[in-house]
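Here is the structure we will look at, set down as structure tokens.
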Amino acid sequence: MQTHRDLRAWQTARTVALGIFRANRTFWKPAIAPAFEQAGRAALSVQLNIAEGYAFGASASCTRHFRIAYGSAVETADLLELLRDLDAIPPADLAPLVRLNQECQACIAGLLKRRGDWRRPAP
């Protein structure tokens, strides 16, 4: 039986969330604590909204949660960029998270395309 944990989108989202939480534990500094905390919340939102959307099956609620997950993945990308610009996480630790987050966004877009509900966000 397939579950939400079998979705590549969920797997990459979970890896990104774990990576951010681990980086927070290792590289945390008071001055950048809000950025780390928000990055953790955004990444966790991606993972949990994919799980919750999957639980709704073929419904409008599923699509809504997948869209929220996509938005949270975009937010995560911006926060990872901010952490990079603040030199908060070494590039060797940050690059895999950025790459996986991009993959996660693509996977979520694929889920939405399959549902016939993918509209590319305006630039």
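Scheme for the structure tokens: letters A, B, ... for chains in order shown; per-chain residue numbers from 1; ligand numbers from 1 in order shown.
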
Might you pull out every residue within 12 Å of Ala95 in chain A, with only C-alpha atoms counted and same-chain residues fewer than 2 positions away left off, and present them as a PyMOL selection string?
-> chain A and resi 16+19-20+77+80-81+83-84+89-93+97-102

Got time to write the residues from that selection, N, CA and C atoms, as a compact mmCIF listing (two decimals), in the first residue's frame?
# COMPACT_ATOMS: atom_id res chain seq x y z
N VAL A 16 15.16 17.98 3.53
CA VAL A 16 15.46 19.41 3.68
C VAL A 16 15.16 19.87 5.11
N GLY A 19 17.75 18.60 7.45
CA GLY A 19 19.00 19.32 7.24
C GLY A 19 19.00 20.69 7.87
N ILE A 20 17.88 21.38 7.75
CA ILE A 20 17.79 22.72 8.36
C ILE A 20 17.81 22.62 9.87
N ALA A 77 13.32 28.25 0.05
CA ALA A 77 14.40 28.64 -0.85
C ALA A 77 14.90 30.05 -0.53
N LEU A 80 16.88 29.92 2.71
CA LEU A 80 18.21 29.32 2.51
C LEU A 80 19.15 30.32 1.86
N GLU A 81 18.62 31.09 0.92
CA GLU A 81 19.43 32.13 0.28
C GLU A 81 19.85 33.19 1.30
N LEU A 83 20.20 32.73 4.57
CA LEU A 83 21.21 32.11 5.43
C LEU A 83 22.56 32.04 4.72
N ARG A 84 22.52 31.81 3.41
CA ARG A 84 23.77 31.82 2.63
C ARG A 84 24.40 33.21 2.66
N ILE A 89 25.54 29.23 7.24
CA ILE A 89 25.77 27.80 7.01
C ILE A 89 26.89 27.68 5.99
N PRO A 90 27.89 26.87 6.26
CA PRO A 90 28.97 26.70 5.28
C PRO A 90 28.42 26.21 3.94
N PRO A 91 29.00 26.70 2.83
CA PRO A 91 28.51 26.32 1.50
C PRO A 91 28.42 24.81 1.28
N ALA A 92 29.34 24.05 1.82
CA ALA A 92 29.31 22.59 1.64
C ALA A 92 28.08 21.97 2.30
N ASP A 93 27.59 22.58 3.37
CA ASP A 93 26.39 22.09 4.06
C ASP A 93 25.12 22.65 3.43
N LEU A 97 21.14 21.22 0.52
CA LEU A 97 19.79 21.61 0.94
C LEU A 97 19.10 22.43 -0.15
N VAL A 98 19.85 23.33 -0.76
CA VAL A 98 19.30 24.15 -1.84
C VAL A 98 18.89 23.25 -3.01
N ARG A 99 19.76 22.33 -3.39
CA ARG A 99 19.48 21.42 -4.50
C ARG A 99 18.25 20.56 -4.21
N LEU A 100 18.19 20.01 -3.01
CA LEU A 100 17.04 19.16 -2.66
C LEU A 100 15.75 19.96 -2.59
N ASN A 101 15.83 21.19 -2.12
CA ASN A 101 14.64 22.02 -2.06
C ASN A 101 14.14 22.34 -3.48
N GLN A 102 15.05 22.57 -4.41
CA GLN A 102 14.66 22.78 -5.82
C GLN A 102 14.00 21.53 -6.37

Identify, on the basis of only C-alpha atoms, every residue whose closest approach to range 35-47 of chain A does not exceed 6 Å; exclude the query and any residue fewer than 5 positions from it along the same chain; express the result as a PyMOL selection string.
-> chain A and resi 10+13-14+17+20+69+72-73+76+79

Could those residues be written to a file, using all heavy atoms, as a PDB file, in the first residue's frame?
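File produced: result_39.pdb:
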ATOM      1  N   TRP A  10       7.609  14.259  -0.737  1.00  0.00           N
ATOM      2  CA  TRP A  10       7.643  14.177   0.727  1.00  0.00           C
ATOM      3  C   TRP A  10       9.042  13.800   1.203  1.00  0.00           C
ATOM      4  O   TRP A  10       9.542  14.361   2.177  1.00  0.00           O
ATOM      5  CB  TRP A  10       6.607  13.175   1.239  1.00  0.00           C
ATOM      6  CG  TRP A  10       6.560  13.113   2.730  1.00  0.00           C
ATOM      7  CD1 TRP A  10       5.785  13.890   3.554  1.00  0.00           C
ATOM      8  CD2 TRP A  10       7.328  12.263   3.593  1.00  0.00           C
ATOM      9  NE1 TRP A  10       6.036  13.562   4.869  1.00  0.00           N
ATOM     10  CE2 TRP A  10       6.977  12.568   4.918  1.00  0.00           C
ATOM     11  CE3 TRP A  10       8.279  11.271   3.368  1.00  0.00           C
ATOM     12  CZ2 TRP A  10       7.529  11.916   6.011  1.00  0.00           C
ATOM     13  CZ3 TRP A  10       8.835  10.629   4.456  1.00  0.00           C
ATOM     14  CH2 TRP A  10       8.463  10.954   5.755  1.00  0.00           C
ATOM     15  N   ALA A  13      11.316  16.770   0.885  1.00  0.00           N
ATOM     16  CA  ALA A  13      10.912  17.784   1.871  1.00  0.00           C
ATOM     17  C   ALA A  13      11.399  17.397   3.263  1.00  0.00           C
ATOM     18  O   ALA A  13      11.896  18.239   4.019  1.00  0.00           O
ATOM     19  CB  ALA A  13       9.395  17.953   1.860  1.00  0.00           C
ATOM     20  N   ARG A  14      11.271  16.136   3.604  1.00  0.00           N
ATOM     21  CA  ARG A  14      11.722  15.673   4.924  1.00  0.00           C
ATOM     22  C   ARG A  14      13.238  15.817   5.060  1.00  0.00           C
ATOM     23  O   ARG A  14      13.735  16.248   6.100  1.00  0.00           O
ATOM     24  CB  ARG A  14      11.315  14.224   5.147  1.00  0.00           C
ATOM     25  CG  ARG A  14      11.778  13.683   6.502  1.00  0.00           C
ATOM     26  CD  ARG A  14      11.139  12.359   6.801  1.00  0.00           C
ATOM     27  NE  ARG A  14      11.715  11.723   7.956  1.00  0.00           N
ATOM     28  CZ  ARG A  14      11.427  12.015   9.215  1.00  0.00           C
ATOM     29  NH1 ARG A  14      10.569  12.970   9.485  1.00  0.00           N
ATOM     30  NH2 ARG A  14      11.994  11.363  10.206  1.00  0.00           N
ATOM     31  N   ALA A  17      14.003  19.480   5.624  1.00  0.00           N
ATOM     32  CA  ALA A  17      13.646  19.883   6.994  1.00  0.00           C
ATOM     33  C   ALA A  17      14.661  19.365   8.005  1.00  0.00           C
ATOM     34  O   ALA A  17      15.129  20.116   8.872  1.00  0.00           O
ATOM     35  CB  ALA A  17      12.236  19.386   7.341  1.00  0.00           C
ATOM     36  N   ILE A  20      17.881  21.381   7.750  1.00  0.00           N
ATOM     37  CA  ILE A  20      17.787  22.716   8.357  1.00  0.00           C
ATOM     38  C   ILE A  20      17.806  22.618   9.874  1.00  0.00           C
ATOM     39  O   ILE A  20      18.498  23.395  10.544  1.00  0.00           O
ATOM     40  CB  ILE A  20      16.537  23.458   7.848  1.00  0.00           C
ATOM     41  CG1 ILE A  20      16.744  23.833   6.377  1.00  0.00           C
ATOM     42  CG2 ILE A  20      16.256  24.692   8.701  1.00  0.00           C
ATOM     43  CD1 ILE A  20      15.525  24.401   5.700  1.00  0.00           C
ATOM     44  N   ALA A  69       2.168  23.637   0.137  1.00  0.00           N
ATOM     45  CA  ALA A  69       3.495  23.024   0.222  1.00  0.00           C
ATOM     46  C   ALA A  69       4.442  23.684  -0.773  1.00  0.00           C
ATOM     47  O   ALA A  69       5.600  23.970  -0.436  1.00  0.00           O
ATOM     48  CB  ALA A  69       3.404  21.513  -0.035  1.00  0.00           C
ATOM     49  N   SER A  72       5.437  27.062   0.522  1.00  0.00           N
ATOM     50  CA  SER A  72       6.386  26.911   1.625  1.00  0.00           C
ATOM     51  C   SER A  72       7.766  26.510   1.121  1.00  0.00           C
ATOM     52  O   SER A  72       8.785  26.915   1.689  1.00  0.00           O
ATOM     53  CB  SER A  72       5.872  25.890   2.641  1.00  0.00           C
ATOM     54  OG  SER A  72       4.713  26.391   3.286  1.00  0.00           O
ATOM     55  N   ALA A  73       7.819  25.736   0.043  1.00  0.00           N
ATOM     56  CA  ALA A  73       9.115  25.372  -0.551  1.00  0.00           C
ATOM     57  C   ALA A  73       9.790  26.603  -1.151  1.00  0.00           C
ATOM     58  O   ALA A  73      11.015  26.757  -1.063  1.00  0.00           O
ATOM     59  CB  ALA A  73       8.939  24.279  -1.598  1.00  0.00           C
ATOM     60  N   THR A  76      11.109  28.481   1.759  1.00  0.00           N
ATOM     61  CA  THR A  76      12.323  27.803   2.227  1.00  0.00           C
ATOM     62  C   THR A  76      13.515  28.198   1.369  1.00  0.00           C
ATOM     63  O   THR A  76      14.606  28.463   1.892  1.00  0.00           O
ATOM     64  CB  THR A  76      12.125  26.275   2.229  1.00  0.00           C
ATOM     65  OG1 THR A  76      11.028  25.947   3.087  1.00  0.00           O
ATOM     66  CG2 THR A  76      13.369  25.553   2.701  1.00  0.00           C
ATOM     67  N   LEU A  79      14.704  31.612   2.309  1.00  0.00           N
ATOM     68  CA  LEU A  79      15.379  31.598   3.611  1.00  0.00           C
ATOM     69  C   LEU A  79      16.757  30.949   3.521  1.00  0.00           C
ATOM     70  O   LEU A  79      17.702  31.409   4.174  1.00  0.00           O
ATOM     71  CB  LEU A  79      14.502  30.908   4.650  1.00  0.00           C
ATOM     72  CG  LEU A  79      13.299  31.761   5.079  1.00  0.00           C
ATOM     73  CD1 LEU A  79      12.197  30.900   5.654  1.00  0.00           C
ATOM     74  CD2 LEU A  79      13.741  32.824   6.069  1.00  0.00           C
TER      75      LEU A  79
END

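For Gly110 in chain A, the non-local neighbours within 12 Å, defined as residues at least 2 positions apart in the same chain or in other chains and counting only C-alpha atoms, are Leu7, Arg8, Ala9, Thr63, Phe66, Arg67, Tyr70, Glu103, Cys104, Gln105, Ala106, Cys107, Ile108, Leu112, Lys113, Arg114, Arg115, Gly116, Asp117, Trp118, Arg119 and Arg120 of chain A.
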